[in-house]
Structures are given as C-alpha cells and as structure tokens.
file target.txt (compact mmCIF, C-alpha atoms)
# COMPACT_ATOMS: atom_id res chain seq x y z
CA MET A 28 160.29 160.67 18.29
CA ALA A 29 160.17 157.06 17.20
CA MET A 30 157.29 155.01 18.43
CA PRO A 31 158.25 151.97 20.50
CA CYS A 32 157.83 148.74 18.70
CA ALA A 33 154.89 146.69 19.87
CA GLY A 34 155.66 143.26 21.19
CA PRO A 35 154.47 140.17 19.39
CA VAL A 36 150.72 139.73 19.45
CA ARG A 37 149.72 136.58 21.30
CA SER A 38 147.39 134.24 19.51
CA ARG A 39 143.84 134.36 20.77
CA ARG A 40 143.09 130.87 19.56
CA HIS A 41 141.91 128.47 22.26
CA ARG A 42 144.33 125.80 23.20
CA PRO A 43 143.16 122.31 22.22
CA VAL A 44 141.57 120.35 25.04
CA PRO A 45 143.94 117.60 26.21
CA LEU A 46 142.99 114.12 25.11
CA HIS A 47 142.83 112.82 28.68
CA ALA A 48 140.15 115.43 29.49
CA HIS A 49 137.93 113.96 26.75
CA ALA A 50 138.56 110.48 28.13
CA ILE A 51 137.62 111.52 31.67
CA GLU A 52 134.42 113.13 30.41
CA ASP A 53 133.52 110.02 28.43
CA LEU A 54 134.14 107.83 31.46
CA ARG A 55 131.98 110.09 33.60
CA PHE A 56 129.15 109.88 31.06
CA ILE A 57 129.43 106.09 30.86
CA ARG A 58 129.42 105.76 34.67
CA GLU A 59 126.36 107.97 35.05
CA THR A 60 124.55 106.06 32.30
CA MET A 61 125.29 102.74 33.98
CA GLN A 62 124.17 104.05 37.36
CA ASN A 63 120.91 105.27 35.86
CA ALA A 64 120.37 101.94 34.14
CA ALA A 65 121.13 100.06 37.36
CA SER A 66 118.63 102.12 39.31
CA PHE A 67 115.84 101.45 36.84
CA THR A 68 113.64 98.55 37.80
CA ALA A 69 111.35 96.42 35.70
CA VAL A 70 110.28 94.70 38.89
CA PRO A 71 106.52 95.21 38.80
CA GLY A 72 104.81 96.91 41.71
CA TRP A 73 101.20 96.14 40.88
CA GLY A 74 102.29 92.77 39.53
CA GLY A 75 103.83 92.05 42.93
CA VAL A 76 100.56 93.02 44.59
CA ALA A 77 98.72 90.60 42.30
CA MET A 78 101.21 87.85 43.19
CA GLY A 79 100.61 88.56 46.87
CA LEU A 80 96.85 88.39 46.47
CA THR A 81 97.28 85.02 44.74
CA ALA A 82 99.18 83.73 47.77
CA VAL A 83 96.62 85.09 50.23
CA GLY A 84 93.78 83.49 48.28
CA THR A 85 95.62 80.18 48.16
CA ALA A 86 96.27 80.28 51.90
CA LEU A 87 92.53 80.67 52.48
CA VAL A 88 91.45 77.76 50.26
CA ALA A 89 94.38 75.33 50.58
CA PRO A 90 93.78 72.15 52.55
CA ARG A 91 95.44 71.58 55.89
CA PRO A 92 99.08 70.45 55.64
CA ILE A 93 98.17 66.98 56.89
CA HIS A 94 96.84 66.35 53.38
CA THR A 95 100.36 66.58 52.06
CA LYS A 96 99.95 65.85 48.36
CA ALA A 97 96.88 68.04 47.90
CA TRP A 98 98.48 70.86 49.88
CA LEU A 99 101.68 70.64 47.86
CA LEU A 100 99.91 70.52 44.49
CA ILE A 101 97.77 73.54 45.28
CA TRP A 102 100.74 75.63 46.36
CA ILE A 103 102.76 74.56 43.30
CA ALA A 104 99.84 75.58 41.08
CA ALA A 105 99.62 78.91 42.93
CA ALA A 106 103.37 79.45 42.43
CA LEU A 107 103.05 78.83 38.69
CA VAL A 108 100.14 81.26 38.44
CA ALA A 109 102.05 83.89 40.43
CA PHE A 110 105.13 83.37 38.24
CA ALA A 111 103.05 83.88 35.08
CA VAL A 112 101.45 87.02 36.54
CA GLY A 113 104.85 88.40 37.57
CA ALA A 114 106.47 87.64 34.21
CA PHE A 115 103.64 89.32 32.32
CA ALA A 116 103.81 92.35 34.61
CA VAL A 117 107.58 92.62 34.07
CA TYR A 118 107.01 92.53 30.31
CA LEU A 119 104.36 95.24 30.44
CA LYS A 120 106.42 97.53 32.68
CA ALA A 121 109.58 97.11 30.62
CA ARG A 122 107.66 97.73 27.41
CA ARG A 123 106.03 100.86 28.82
CA ALA A 124 109.43 102.18 29.87
CA GLY A 125 111.02 101.26 26.55
CA THR A 126 113.62 99.06 28.23
CA PRO A 127 114.45 95.61 26.81
CA ILE A 128 113.94 92.94 29.45
CA LEU A 129 117.17 91.20 28.45
CA ALA A 130 119.29 94.35 28.49
CA GLN A 131 122.45 94.23 30.57
CA PHE A 132 120.96 94.67 34.04
CA GLY A 133 117.72 92.85 33.23
CA ARG A 134 119.67 89.81 32.10
CA LYS A 135 121.85 89.88 35.22
CA PHE A 136 118.75 90.25 37.41
CA LEU A 137 117.10 87.17 35.91
CA LEU A 138 120.27 85.07 35.88
CA THR A 139 120.83 85.88 39.55
CA LEU A 140 117.23 85.24 40.57
CA PHE A 141 116.74 81.81 39.03
CA PRO A 142 119.53 79.64 40.56
CA PRO A 143 118.11 79.86 44.13
CA LEU A 144 114.65 79.04 42.75
CA VAL A 145 116.00 75.98 40.96
CA ALA A 146 117.83 74.98 44.13
CA GLY A 147 114.58 75.40 46.06
CA ALA A 148 112.78 73.05 43.69
CA ALA A 149 115.50 70.40 44.03
CA ILE A 150 115.63 70.69 47.83
CA SER A 151 111.83 70.52 47.99
CA CYS A 152 111.86 67.16 46.20
CA GLY A 153 114.33 65.80 48.72
CA VAL A 154 112.39 67.19 51.67
CA PHE A 155 109.14 65.73 50.35
CA ALA A 156 110.77 62.33 49.79
CA ALA A 157 112.09 62.42 53.37
CA SER A 158 108.60 63.23 54.71
CA VAL A 159 109.69 66.41 56.47
CA ASP A 160 107.17 68.63 54.72
CA ARG A 161 106.99 70.96 57.72
CA LEU A 162 110.18 72.58 56.46
CA LEU A 163 108.87 73.44 52.98
CA PRO A 164 107.37 76.89 53.74
CA GLY A 165 110.58 78.02 55.40
CA ILE A 166 112.76 76.66 52.61
CA TRP A 167 110.63 78.31 49.92
CA LEU A 168 110.58 81.68 51.64
CA LEU A 169 114.28 81.55 52.49
CA LEU A 170 115.53 80.62 49.02
CA TYR A 171 113.12 82.99 47.31
CA GLY A 172 114.50 85.71 49.55
CA VAL A 173 118.07 84.76 48.60
CA GLY A 174 117.18 85.10 44.92
CA VAL A 175 115.44 88.44 45.34
CA LEU A 176 118.23 89.81 47.54
CA SER A 177 120.96 88.78 45.10
CA ALA A 178 119.09 89.94 42.00
CA GLY A 179 118.17 93.15 43.77
CA SER A 180 121.78 94.30 43.60
CA PHE A 181 121.00 95.17 39.96
CA SER A 182 117.80 96.99 40.82
CA VAL A 183 116.58 99.75 43.11
CA ARG A 184 117.29 99.68 46.84
CA VAL A 185 113.87 98.47 47.94
CA VAL A 186 114.24 95.15 46.07
CA PRO A 187 117.13 93.73 48.13
CA VAL A 188 115.34 94.95 51.27
CA MET A 189 112.35 92.87 50.17
CA GLY A 190 114.67 89.90 49.71
CA MET A 191 116.02 90.26 53.24
CA CYS A 192 112.46 90.32 54.60
CA PHE A 193 111.64 87.11 52.76
CA MET A 194 114.78 85.49 54.19
CA LEU A 195 113.80 86.57 57.69
CA ALA A 196 110.30 85.20 57.21
CA GLY A 197 111.76 81.93 55.95
CA ALA A 198 114.10 81.61 58.92
CA VAL A 199 111.16 82.11 61.30
CA ALA A 200 108.99 79.68 59.32
CA LEU A 201 111.51 76.88 59.74
CA PHE A 202 110.63 76.76 63.47
CA CYS A 203 106.86 77.11 63.12
CA PRO A 204 104.50 74.18 63.69
CA ALA A 205 103.34 72.32 60.59
CA ALA A 206 99.75 73.44 61.23
CA TRP A 207 100.80 77.04 60.58
CA ALA A 208 101.97 76.32 57.03
CA ASN A 209 99.12 78.08 55.20
CA ALA A 210 99.26 81.09 57.51
CA VAL A 211 103.03 81.34 57.10
CA MET A 212 102.79 81.12 53.31
CA GLY A 213 99.99 83.66 53.18
CA ALA A 214 101.82 86.11 55.43
CA GLY A 215 105.16 85.63 53.66
CA PHE A 216 104.41 85.33 49.97
CA GLY A 217 101.15 87.23 50.32
CA GLY A 218 101.83 90.00 52.79
CA LEU A 219 105.38 90.82 51.73
CA HIS A 220 104.54 90.88 48.03
CA ILE A 221 101.59 93.18 48.65
CA LEU A 222 103.57 95.51 50.92
CA PHE A 223 106.65 95.86 48.74
CA GLY A 224 104.64 95.75 45.53
CA ALA A 225 102.70 98.81 46.69
CA ILE A 226 105.96 100.59 47.58
CA ILE A 227 107.50 99.83 44.19
CA ALA A 228 104.34 100.86 42.35
CA ARG A 229 104.22 104.19 44.18
CA ARG A 230 107.90 105.09 43.93
CA TYR A 231 108.99 103.51 40.66
CA GLY A 232 106.13 103.85 38.24
CA GLY A 233 103.85 100.89 38.59

call {"tool": "encode", "arguments": {"input": "target.txt", "output": "structure tokens"}}
result
Amino acid sequence: MAMPCAGPVRSRRHRPVPLHAHAIEDLRFIRETMQNAASFTAVPGWGGVAMGLTAVGTALVAPRPIHTKAWLLIWIAAALVAFAVGAFAVYLKARRAGTPILAQFGRKFLLTLFPPLVAGAAISCGVFAASVDRLLPGIWLLLYGVGVLSAGSFSVRVVPVMGMCFMLAGAVALFCPAAWANAVMGAGFGGLHILFGAIIARRYGG
C-alpha cells in the first residue's frame, strides 16, 4: 500500500521582528532614560543645610533693620557666601555621582533658577532707592521660591515643594513689621534650607 505523501514542511525559522517593534522599544528605552535623568538631583542636601546655617548665623549677628545700609550689606555678603557654598556642594555631589553639571537637565535647572534671582536683584535696587526696605525680605524669599519651584520641575519632587514653601514664607514676610526682618530671614532662608537640605541628604544621597 502506498504511503501518503507528507505535506510540505513548514519553516521553523523565526519571523523577523517588525521594524516598528524595534522603534517602540527604542522609544521606551529613551523615555525611561530621560525619566531617570530627570529624577536625579545634584541639588545638595548637606550643602543646603550649610546654606541654612549661614542664614541663621547672619540673622543672629546682623544689625537691626533701622541701620539700613549695614543690614543690607551684611545680608548681601551672607547671600554671596551661601551661593558659593551651594555651588561648591553642587559640584561635589555631581562629581561623586558622575553626572556633568551642565548636562541636559542640569543646564535647564540652572537656566530656570537664575532669571528670578536676577529679577530679585533688580527689584531690590528699586525698593532700596524708594526707601521701602521693609519689603526686601519678602521679595527675596518670594523670588527665590519662584526660582526653586520652576527649576525643581527638572529635579526630584521635594525641590519644587521647597520652592513653594519659600514662596509662602515670602508672601507672609511682605506683611511683617520691619523689625522682624532678621527673624524672617533666619526662619526662611535658614530654617527652610536646613529642613529640606536634611530631607534631600537623607533621601537622595547627600
């Protein structure tokens, strides 16, 4: 009896993966990489604590606000010292993590942070010339908060929260008596930097 003929043997070779599947996988990888980069922060925790301690120390030794020029010069000097401390801390943290400071999100963070600070300096000159120095602590806190909040969109979640707290402190400070200026500055720039600096140091590696 004749054996039935076997049907054609199907090829066991794997079908090529469609091109669009490769593209989707590449897009997924790029998105995850960008999300990871965006969540990394070079914002220094312990550096923020040091900036806060600088503000607290300045609040304790600064003259009363009635001595306008001396008060203003001391707080400007304190701001420059705090800026230098913060910049050095950012450099150390970024170097330790192997992340260039001027990488995509670092560059966006800095470019978003500085315009409100420059605006604050310009407004401060006008306020000082108009002899309404009582408003300076509120303006400084408010615009610093705007910068941190905006720049924080390129960092971890706690950074924009810190910015909102600075803005709230600045809004309150605008209605405080002039005699409270040192206390307001110490509580705002000192207390908030110390609080959030400790949080960042604990959760995000120093």

call {"tool": "residues_near_point", "arguments": {"input": "target.txt", "point": "(96.1, 75.5, 55.1)", "cutoff": "9 Å", "atoms": "only C-alpha atoms", "output": "list in words"}}
result
Thr85, Ala86, Leu87, Val88, Ala89, Pro90, Arg91, Pro92, Ile93, Trp98, Ala206, Trp207, Ala208, Asn209, Ala210 and Met212 of chain A

call {"tool": "closest_residue", "arguments": {"input": "target.txt", "among": "A:Val108, A:Met191, A:Ala214, A:Ile103", "to": "Ser177 (chain A)", "atoms": "only C-alpha atoms"}}
result
A:Met191

call {"tool": "atom_distance", "arguments": {"input": "target.txt", "atom1": "CA of Cys203 (chain A)", "atom2": "CA of Ile227 (chain A)"}}
result
29.6 Å

call {"tool": "atom_distance", "arguments": {"input": "target.txt", "atom1": "CA of Ala200 (chain A)", "atom2": "CA of Gly165 (chain A)"}}
result
4.5 Å

call {"tool": "residues_around", "arguments": {"input": "target.txt", "residues": "Thr81 (chain A)", "least_positions_apart": "4", "cutoff": "12 Å", "atoms": "all atoms listed in the file", "output": "PyMOL selection string"}}
result
chain A and resi 74-77+85-89+101-113+212-218+220-221

call {"tool": "write_last_selection", "arguments": {"input": "target.txt", "atoms": "C-alpha atoms", "output": "PDB file, keeping the file's coordinate frame"}}
result
ATOM      1  CA  GLY A  74     102.290  92.770  39.530  1.00  0.00           C
ATOM      2  CA  GLY A  75     103.830  92.050  42.930  1.00  0.00           C
ATOM      3  CA  VAL A  76     100.560  93.020  44.590  1.00  0.00           C
ATOM      4  CA  ALA A  77      98.720  90.600  42.300  1.00  0.00           C
ATOM      5  CA  THR A  85      95.620  80.180  48.160  1.00  0.00           C
ATOM      6  CA  ALA A  86      96.270  80.280  51.900  1.00  0.00           C
ATOM      7  CA  LEU A  87      92.530  80.670  52.480  1.00  0.00           C
ATOM      8  CA  VAL A  88      91.450  77.760  50.260  1.00  0.00           C
ATOM      9  CA  ALA A  89      94.380  75.330  50.580  1.00  0.00           C
ATOM     10  CA  ILE A 101      97.770  73.540  45.280  1.00  0.00           C
ATOM     11  CA  TRP A 102     100.740  75.630  46.360  1.00  0.00           C
ATOM     12  CA  ILE A 103     102.760  74.560  43.300  1.00  0.00           C
ATOM     13  CA  ALA A 104      99.840  75.580  41.080  1.00  0.00           C
ATOM     14  CA  ALA A 105      99.620  78.910  42.930  1.00  0.00           C
ATOM     15  CA  ALA A 106     103.370  79.450  42.430  1.00  0.00           C
ATOM     16  CA  LEU A 107     103.050  78.830  38.690  1.00  0.00           C
ATOM     17  CA  VAL A 108     100.140  81.260  38.440  1.00  0.00           C
ATOM     18  CA  ALA A 109     102.050  83.890  40.430  1.00  0.00           C
ATOM     19  CA  PHE A 110     105.130  83.370  38.240  1.00  0.00           C
ATOM     20  CA  ALA A 111     103.050  83.880  35.080  1.00  0.00           C
ATOM     21  CA  VAL A 112     101.450  87.020  36.540  1.00  0.00           C
ATOM     22  CA  GLY A 113     104.850  88.400  37.570  1.00  0.00           C
ATOM     23  CA  MET A 212     102.790  81.120  53.310  1.00  0.00           C
ATOM     24  CA  GLY A 213      99.990  83.660  53.180  1.00  0.00           C
ATOM     25  CA  ALA A 214     101.820  86.110  55.430  1.00  0.00           C
ATOM     26  CA  GLY A 215     105.160  85.630  53.660  1.00  0.00           C
ATOM     27  CA  PHE A 216     104.410  85.330  49.970  1.00  0.00           C
ATOM     28  CA  GLY A 217     101.150  87.230  50.320  1.00  0.00           C
ATOM     29  CA  GLY A 218     101.830  90.000  52.790  1.00  0.00           C
ATOM     30  CA  HIS A 220     104.540  90.880  48.030  1.00  0.00           C
ATOM     31  CA  ILE A 221     101.590  93.180  48.650  1.00  0.00           C
TER      32      ILE A 221
END

call {"tool": "axis_aligned_box", "arguments": {"input": "target.txt", "around": "region 187-201 of chain A", "padding_each_side": "3 Å", "output": "JSON"}}
result
{"center_x": 113.1, "center_y": 85.9, "center_z": 54.7, "size_x": 14.1, "size_y": 24.1, "size_z": 19.2}

call {"tool": "atom_distance", "arguments": {"input": "target.txt", "atom1": "CA of Phe115 (chain A)", "atom2": "CA of Pro71 (chain A)"}}
result
9.2 Å

call {"tool": "closest_residue", "arguments": {"input": "target.txt", "among": "A:Leu170, A:Val70, A:Cys192, A:Ala116", "to": "Ala148 (chain A)", "atoms": "only C-alpha atoms"}}
result
A:Leu170

call {"tool": "closest_residue", "arguments": {"input": "target.txt", "among": "A:Leu138, A:Leu119, A:Leu201, A:Leu219", "to": "Arg161 (chain A)", "atoms": "only C-alpha atoms"}}
result
A:Leu201
